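Chemist: Contents are compact mmCIF, C-alpha atoms; file name entry-v4.txt:
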```txt
# COMPACT_ATOMS: atom_id res chain seq x y z
CA MET L 1 -27.09 -8.71 3.79
CA GLN L 2 -25.19 -11.45 5.60
CA SER L 3 -21.84 -10.17 4.34
CA LEU L 4 -22.78 -6.64 5.48
CA LEU L 5 -23.61 -7.91 9.00
CA ALA L 6 -20.33 -9.87 9.06
CA GLY L 7 -18.41 -6.71 8.15
CA VAL L 8 -20.16 -4.75 10.93
CA ASN L 9 -19.32 -7.48 13.43
CA ARG L 10 -15.67 -7.51 12.38
CA ARG L 11 -15.41 -3.73 12.80
CA ARG L 12 -17.14 -3.88 16.19
CA ASN L 13 -14.76 -6.61 17.39
CA LEU L 14 -11.77 -4.62 16.14
CA ILE L 15 -12.91 -1.47 17.99
CA LEU L 16 -13.48 -3.46 21.19
CA MET L 17 -10.03 -5.03 20.92
CA VAL L 18 -8.37 -1.62 20.43
CA ILE L 19 -10.24 -0.20 23.45
CA VAL L 20 -9.19 -3.14 25.64
CA LEU L 21 -5.54 -2.92 24.54
CA CYS L 22 -5.47 0.85 25.17
CA ALA L 23 -6.98 0.34 28.62
CA ILE L 24 -4.32 -2.27 29.47
CA TRP L 25 -1.61 0.02 28.09
CA GLU L 26 -2.89 3.00 30.10
CA GLY L 27 -3.11 0.96 33.28
CA ALA L 28 0.38 -0.53 32.85
CA VAL L 29 1.98 2.90 32.33
CA HIS L 30 0.42 4.27 35.53
CA LEU L 31 0.93 1.08 37.55
CA PHE L 32 4.63 0.75 36.73
CA GLN L 33 5.16 4.54 36.58
CA ILE L 34 6.82 4.39 33.15
CA ARG L 35 8.30 7.74 32.17
CA SER L 36 6.63 9.48 29.25
CA PHE L 37 9.77 9.70 27.08
CA LEU L 38 10.09 5.90 27.26
CA LEU L 39 6.46 4.92 26.73
CA PRO L 40 3.68 7.52 26.85
CA ALA L 41 0.18 6.52 27.89
CA PRO L 42 -2.58 6.51 25.24
CA SER L 43 -4.11 9.53 26.99
CA ALA L 44 -0.85 11.47 26.56
CA ILE L 45 -0.72 10.50 22.88
CA LEU L 46 -4.32 11.62 22.37
CA LYS L 47 -3.61 14.90 24.20
CA GLU L 48 -0.63 15.56 21.93
CA PHE L 49 -2.82 15.11 18.86
CA LEU L 50 -5.64 17.27 20.24
CA ASP L 51 -3.17 20.05 21.08
CA TYR L 52 -1.97 20.30 17.45
CA PRO L 53 -4.65 18.76 15.17
CA GLY L 54 -4.04 21.17 12.29
CA PHE L 55 -0.30 20.50 12.30
CA PHE L 56 -0.72 16.72 12.21
CA LEU L 57 -3.43 16.94 9.54
CA HIS L 58 -1.15 19.02 7.31
CA GLU L 59 1.77 16.62 7.72
CA SER L 60 -0.50 13.62 7.10
CA LEU L 61 -1.92 15.12 3.91
CA TYR L 62 1.57 15.74 2.56
CA THR L 63 2.61 12.14 3.22
CA LEU L 64 -0.66 10.92 1.72
CA TRP L 65 -0.08 12.98 -1.44
CA THR L 66 3.48 11.71 -2.01
CA THR L 67 2.37 8.14 -1.28
CA PHE L 68 -0.53 8.26 -3.73
CA ALA L 69 1.57 9.97 -6.43
CA GLY L 70 4.36 7.39 -6.10
CA PHE L 71 1.81 4.57 -6.17
CA ALA L 72 0.07 5.98 -9.26
CA VAL L 73 3.38 6.24 -11.14
CA ALA L 74 4.27 2.70 -10.01
CA VAL L 75 0.98 1.36 -11.39
CA LEU L 76 1.52 3.04 -14.76
CA VAL L 77 5.15 1.94 -15.06
CA GLY L 78 4.57 -1.56 -13.65
CA VAL L 79 1.58 -2.39 -15.87
CA ALA L 80 3.22 -0.89 -18.99
CA CYS L 81 6.48 -2.79 -18.40
CA GLY L 82 4.55 -5.98 -17.63
CA ILE L 83 2.68 -5.78 -20.93
CA GLY L 84 5.94 -5.11 -22.78
CA ILE L 85 7.67 -8.04 -21.11
CA VAL L 86 4.85 -10.47 -21.95
CA TYR L 87 4.76 -9.41 -25.60
CA SER L 88 8.51 -8.96 -26.19
CA LYS L 89 11.19 -11.56 -25.58
CA PHE L 90 13.84 -8.84 -25.87
CA LEU L 91 12.27 -6.80 -23.06
CA GLU L 92 11.89 -9.93 -20.95
CA ASN L 93 15.60 -10.67 -21.28
CA THR L 94 16.69 -7.06 -20.66
CA ILE L 95 14.31 -4.86 -18.66
CA TYR L 96 12.90 -7.72 -16.60
CA THR L 97 16.36 -8.92 -15.60
CA LEU L 98 17.46 -5.35 -14.88
CA LEU L 99 14.44 -4.69 -12.65
CA VAL L 100 14.98 -7.95 -10.75
CA ALA L 101 18.59 -6.94 -10.09
CA LEU L 102 17.54 -3.41 -9.11
CA ASN L 103 14.92 -4.77 -6.72
CA SER L 104 17.62 -6.63 -4.80
CA VAL L 105 19.36 -3.32 -3.96
CA PRO L 106 18.10 -1.84 -0.65
CA LYS L 107 15.99 1.17 -1.58
CA VAL L 108 17.26 3.11 1.43
CA ALA L 109 20.70 3.03 -0.23
CA LEU L 110 19.22 4.58 -3.39
CA ALA L 111 17.28 7.30 -1.57
CA PRO L 112 20.23 9.76 -1.30
CA LEU L 113 20.77 9.50 -5.07
CA PHE L 114 17.19 10.57 -5.77
CA VAL L 115 17.65 13.52 -3.43
CA ILE L 116 20.81 14.54 -5.32
CA TRP L 117 19.08 14.17 -8.70
CA MET L 118 15.67 15.64 -7.82
CA GLY L 119 16.22 17.81 -4.78
CA THR L 120 14.48 17.78 -1.42
CA GLY L 121 10.97 18.47 -2.74
CA SER L 122 8.09 16.09 -3.38
CA GLU L 123 9.68 14.69 -6.55
CA SER L 124 12.35 12.67 -4.70
CA LYS L 125 9.79 11.18 -2.29
CA ILE L 126 7.49 10.22 -5.17
CA ALA L 127 10.40 8.61 -7.03
CA ILE L 128 11.47 6.59 -3.99
CA GLY L 129 7.90 5.45 -3.38
CA MET L 130 7.58 4.44 -7.03
CA MET L 131 10.86 2.47 -6.94
CA ILE L 132 9.72 0.45 -3.93
CA ALA L 133 6.14 -0.09 -5.14
CA VAL L 134 6.70 -0.86 -8.82
CA PHE L 135 8.12 -4.38 -8.51
CA PRO L 136 5.06 -6.10 -6.93
CA ILE L 137 2.84 -4.56 -9.62
CA LEU L 138 5.23 -5.63 -12.38
CA ILE L 139 5.41 -9.22 -11.12
CA ALA L 140 1.64 -9.42 -10.64
CA THR L 141 1.02 -8.04 -14.14
CA VAL L 142 3.40 -10.49 -15.81
CA MET L 143 2.02 -13.46 -13.89
CA GLY L 144 -1.58 -12.41 -14.55
CA LEU L 145 -1.07 -11.89 -18.27
CA LYS L 146 0.80 -15.19 -18.65
CA SER L 147 -1.66 -17.27 -16.64
CA ILE L 148 -4.48 -17.06 -19.17
CA ASP L 149 -5.92 -20.29 -20.55
CA PRO L 150 -4.43 -20.86 -24.06
CA GLU L 151 -7.85 -21.95 -25.29
CA MET L 152 -9.17 -18.44 -24.68
CA LEU L 153 -6.41 -16.99 -26.84
CA ASN L 154 -7.11 -19.57 -29.53
CA MET L 155 -10.78 -18.56 -29.52
CA ALA L 156 -9.76 -14.89 -29.85
CA ARG L 157 -7.55 -15.74 -32.84
CA ALA L 158 -10.35 -17.79 -34.38
CA ALA L 159 -12.59 -14.73 -34.09
CA HIS L 160 -9.90 -12.72 -35.96
CA SER L 161 -9.23 -10.46 -32.96
CA SER L 162 -6.28 -8.11 -33.21
CA ARG L 163 -3.43 -8.25 -30.71
CA SER L 164 -4.72 -5.14 -28.96
CA ASP L 165 -8.23 -6.63 -28.72
CA ALA L 166 -6.78 -9.85 -27.31
CA LEU L 167 -4.82 -7.83 -24.76
CA TRP L 168 -7.57 -5.52 -23.51
CA LYS L 169 -10.57 -7.82 -23.90
CA VAL L 170 -9.08 -11.21 -23.03
CA ARG L 171 -5.72 -11.01 -21.28
CA MET L 172 -6.25 -7.89 -19.16
CA PRO L 173 -9.60 -8.93 -17.58
CA ASN L 174 -8.00 -12.27 -16.73
CA ALA L 175 -4.96 -10.54 -15.21
CA LEU L 176 -6.92 -7.91 -13.28
CA PRO L 177 -7.31 -9.94 -10.04
CA SER L 178 -3.56 -10.58 -9.99
CA ILE L 179 -2.76 -6.91 -10.72
CA LEU L 180 -5.05 -5.72 -7.93
CA SER L 181 -3.40 -8.14 -5.52
CA GLY L 182 -0.05 -6.64 -6.46
CA MET L 183 -1.50 -3.16 -5.95
CA LYS L 184 -2.57 -4.06 -2.40
CA VAL L 185 1.05 -4.92 -1.60
CA ALA L 186 2.42 -1.93 -3.50
CA ILE L 187 0.29 0.70 -1.73
CA SER L 188 1.97 -0.18 1.58
CA PHE L 189 5.38 -0.11 -0.08
CA ALA L 190 4.64 3.33 -1.54
CA LEU L 191 3.89 4.61 1.97
CA VAL L 192 7.20 3.16 3.18
CA GLY L 193 8.98 4.87 0.28
CA ALA L 194 7.43 8.24 1.11
CA ILE L 195 8.55 7.92 4.74
CA VAL L 196 12.08 6.90 3.70
CA GLY L 197 12.26 9.98 1.48
CA GLU L 198 11.12 12.19 4.36
CA PHE L 199 13.73 10.60 6.63
CA VAL L 200 16.55 11.20 4.16
CA ALA L 201 15.68 14.76 3.11
CA GLY L 202 12.42 16.40 4.01
CA ASP L 203 11.08 19.40 5.84
CA THR L 204 7.47 18.23 6.06
CA GLY L 205 5.49 14.99 6.29
CA LEU L 206 5.02 12.42 9.05
CA GLY L 207 8.51 10.99 8.48
CA HIS L 208 10.00 14.41 9.16
CA VAL L 209 7.80 14.72 12.27
CA ILE L 210 9.16 11.42 13.61
CA LEU L 211 12.76 12.41 12.89
CA VAL L 212 12.51 15.81 14.60
CA ALA L 213 10.52 14.45 17.57
CA GLN L 214 13.01 11.62 18.05
CA GLY L 215 15.86 14.13 18.27
CA ALA L 216 13.94 16.07 20.94
CA PHE L 217 12.89 12.89 22.83
CA ASP L 218 9.27 13.93 22.24
CA THR L 219 7.96 10.37 22.34
CA PRO L 220 4.24 11.24 22.43
CA ARG L 221 4.63 13.10 19.14
CA VAL L 222 6.46 10.10 17.64
CA PHE L 223 3.57 7.85 18.67
CA VAL L 224 0.99 10.25 17.18
CA ALA L 225 2.84 10.13 13.85
CA LEU L 226 3.06 6.32 14.03
CA VAL L 227 -0.66 5.98 14.76
CA LEU L 228 -1.49 8.31 11.86
CA LEU L 229 0.77 6.28 9.56
CA GLY L 230 -1.07 3.12 10.62
CA ILE L 231 -4.41 4.77 9.89
CA LEU L 232 -3.21 6.02 6.49
CA GLY L 233 -1.88 2.59 5.54
CA THR L 234 -5.12 0.91 6.58
CA LEU L 235 -7.28 3.39 4.67
CA LEU L 236 -5.16 3.08 1.51
CA PHE L 237 -5.29 -0.72 1.68
CA ALA L 238 -9.05 -0.60 2.23
CA ALA L 239 -9.42 1.69 -0.80
CA ILE L 240 -7.68 -0.88 -3.02
CA GLU L 241 -9.85 -3.64 -1.55
CA PHE L 242 -12.96 -1.58 -2.32
CA LEU L 243 -11.74 -1.11 -5.89
CA GLU L 244 -11.06 -4.84 -6.13
CA ARG L 245 -14.60 -5.71 -5.02
CA ARG L 246 -16.05 -3.39 -7.66
CA LEU L 247 -13.82 -4.38 -10.58
CA VAL L 248 -13.53 -8.14 -10.08
CA ALA L 249 -16.77 -9.02 -8.30
CA TRP L 250 -17.04 -11.97 -10.71
CA HIS L 251 -13.78 -13.53 -9.49
CA VAL L 252 -13.81 -16.58 -7.20
CA SER L 253 -11.78 -14.72 -4.56
CA GLN L 254 -14.69 -12.29 -4.15
CA ARG L 255 -17.46 -14.88 -4.35
CA GLY L 256 -15.83 -17.48 -2.15
CA GLY L 257 -16.36 -15.67 1.15
CA ASN L 258 -20.11 -15.15 0.59
CA ALA L 259 -20.56 -18.75 -0.58
CA ALA L 260 -18.77 -20.04 2.53
CA GLU L 261 -20.88 -17.85 4.80
CA GLN L 262 -24.08 -19.08 3.17
CA THR L 263 -22.96 -22.70 3.55
CA LEU L 264 -22.22 -22.23 7.25
CA MET L 265 -25.53 -20.48 7.83
CA SER L 266 -27.41 -23.37 6.21
CA ILE L 267 -25.82 -26.01 8.47
```
As structure tokens, please, write out the structure in this file.
Modeler:
Amino acid sequence: MQSLLAGVNRRRNLILMVIVLCAIWEGAVHLFQIRSFLLPAPSAILKEFLDYPGFFLHESLYTLWTTFAGFAVAVLVGVACGIGIVYSKFLENTIYTLLVALNSVPKVALAPLFVIWMGTGSESKIAIGMMIAVFPILIATVMGLKSIDPEMLNMARAAHSSRSDALWKVRMPNALPSILSGMKVAISFALVGAIVGEFVAGDTGLGHVILVAQGAFDTPRVFVALVLLGILGTLLFAAIEFLERRLVAWHVSQRGGNAAEQTLMSI
């Protein structure tokens, strides 16, 4: 109950802060007579959205789809490669090193190659999102699987558990908090990848909206797209946090906040 009230208070404070900032922004634009193509007022941004709600919803859904698809592929590839690296010295010395080297290459430089290979459809955006998002998941998986207490593995061997049982019943539950932390980073990266793909070659999506509006100096439309991207990123991050609370409620990272709140309330 206390954690629920704390969450309500945090949301209320956030809403109040946004309202105050928008009021200051609106007042500053009118006071200093800033031209709309330089910095539109919040009211102009809201009007732009209300004039074309269906258009912005369609573009947002497309970006959301490519982001989620790229993230899903990144999770599958990252977790699978992480398991392979932990269990195979050969893969650790080859694929792991290759992925580390590939991660150092700016993904924007690779984006045109994916467009050449896969075309200008959703596939290239999904691939770019996956390339950007996969590394945090891979690192988190490897670290989580390797950080298990050796005594737990010894107990599994003493119980004559197979390697697959030790992986899925011992290693993976222990690694899950780390993997979910990597997923929280990766979901934002996947959104960045989708936008990069839409910048490079796209005819739909919020990235394409920003690119076209920038060329026409339609700054209110650019701001609408940016606000929608912020909302999408926040919702996706919150979805991973919700999943984390459900899957690893037993972990100290999930129990620590409630324990601290209870301690403070008792003082």
Chemist: With distances taken over all atoms listed in the file, which residue among L:Ile139, L:Val196, L:Val86, L:Gly121 lies nearest Pro106 (chain L)?
Modeler: L:Val196
Chemist: Show which residues sit within 12 Å of Ile128 (chain L), as a compact mmCIF listing (two decimals) with C-alpha atoms, keeping the file's coordinate frame. Count all atoms listed in the file, and ignore same-chain residues fewer than 6 positions away.
Modeler:
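Result written to selection-v7.txt:
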```
# COMPACT_ATOMS: atom_id res chain seq x y z
CA THR L 66 3.48 11.71 -2.01
CA THR L 67 2.37 8.14 -1.28
CA ALA L 69 1.57 9.97 -6.43
CA GLY L 70 4.36 7.39 -6.10
CA PHE L 71 1.81 4.57 -6.17
CA VAL L 73 3.38 6.24 -11.14
CA ALA L 74 4.27 2.70 -10.01
CA PRO L 106 18.10 -1.84 -0.65
CA LYS L 107 15.99 1.17 -1.58
CA VAL L 108 17.26 3.11 1.43
CA ALA L 109 20.70 3.03 -0.23
CA LEU L 110 19.22 4.58 -3.39
CA ALA L 111 17.28 7.30 -1.57
CA PRO L 112 20.23 9.76 -1.30
CA LEU L 113 20.77 9.50 -5.07
CA PHE L 114 17.19 10.57 -5.77
CA VAL L 115 17.65 13.52 -3.43
CA TRP L 117 19.08 14.17 -8.70
CA MET L 118 15.67 15.64 -7.82
CA THR L 120 14.48 17.78 -1.42
CA GLY L 121 10.97 18.47 -2.74
CA SER L 122 8.09 16.09 -3.38
CA VAL L 134 6.70 -0.86 -8.82
CA PHE L 189 5.38 -0.11 -0.08
CA ALA L 190 4.64 3.33 -1.54
CA LEU L 191 3.89 4.61 1.97
CA VAL L 192 7.20 3.16 3.18
CA GLY L 193 8.98 4.87 0.28
CA ALA L 194 7.43 8.24 1.11
CA ILE L 195 8.55 7.92 4.74
CA VAL L 196 12.08 6.90 3.70
CA GLY L 197 12.26 9.98 1.48
CA GLU L 198 11.12 12.19 4.36
CA PHE L 199 13.73 10.60 6.63
CA VAL L 200 16.55 11.20 4.16
CA ALA L 201 15.68 14.76 3.11
```
Chemist: Using only C-alpha atoms, which residues of region 20-53 of chain L come within 9 Å of region 216-231 of chain L, and what is the closest atom pair for each, with the distance in Å to one decimal? Give it as a tab-separated table, sorted by chain and residue number.
Modeler:
```
residue	atom	partner	partner_atom	distance
L:Ser36	CA	L:Thr219	CA	7.1
L:Phe37	CA	L:Thr219	CA	5.1
L:Leu38	CA	L:Thr219	CA	7.0
L:Leu39	CA	L:Thr219	CA	7.2
L:Pro40	CA	L:Pro220	CA	5.8
L:Ala41	CA	L:Pro220	CA	8.3
L:Pro42	CA	L:Pro220	CA	8.8
L:Ala44	CA	L:Pro220	CA	6.6
L:Ile45	CA	L:Pro220	CA	5.0
L:Leu46	CA	L:Val224	CA	7.6
L:Lys47	CA	L:Pro220	CA	8.8
L:Glu48	CA	L:Arg221	CA	6.4
L:Phe49	CA	L:Val224	CA	6.4
```
Chemist: Would you mind telling me which residue in L:Gly215, L:Gly144, L:Gly202, L:Gly27 lies nearest to Glu123 (chain L) when using only C-alpha atoms?
Modeler: L:Gly202
Chemist: Counting all atoms listed in the file, figure out which residue out of L:Val75, L:Ile85, L:Phe68, L:Asn154 gets nearest to Ala239 (chain L).
Modeler: L:Phe68
Chemist: To one decimal place in Å, what is the distance between CA of Val209 (chain L) and CA of Trp65 (chain L)?
Modeler: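 Pair CA of Val209 (chain L) / CA of Trp65 (chain L) returns 15.9 Å.
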Chemist: What's the 7 Å shell around Ile187 (chain L), counting all atoms listed in the file, without same-chain residues fewer than 6 positions away, as a ChimeraX atom specification?
Modeler: /L:71,133,236-237
Chemist: Choose the residue, out of L:Val170, L:Arg12, L:Val185, L:Ala140, that has the smallest atom-to-atom separation from Leu153 (chain L); count all atoms listed in the file.
Modeler: L:Val170
Chemist: Work out how far CA of Leu145 (chain L) is from CA of Leu180 (chain L), in Å to one decimal.
Modeler: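 Distance between the two atoms: 12.7 Å.
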Chemist: Have a look at CA of Ser124 (chain L) and CA of Leu99 (chain L) and let me know their distance in Å, one decimal.
Modeler: 19.2 Å
Chemist: Under the rule that all atoms listed in the file are counted, which of L:Cys81, L:Lys184, L:Thr63, L:Leu167 is the nearest residue to Phe242 (chain L)?
Modeler: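 Among the listed residues, L:Lys184 lies closest to Phe242 (chain L).
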Chemist: Select, counting only C-alpha atoms, all protein, DNA and RNA residues no farther than 6 Å from (2.2, -4.6, -9.1) in file coordinates, and express the selection as a count of residues only.
Modeler: 11
Chemist: Determine, counting all atoms listed in the file, which protein, DNA and RNA residues have an atom within 8 Å of an atom of Met143 (chain L); residues of the same chain fewer than 4 positions away are not included. Present the result as a ChimeraX atom specification.
Modeler: /L:139,147,175,178
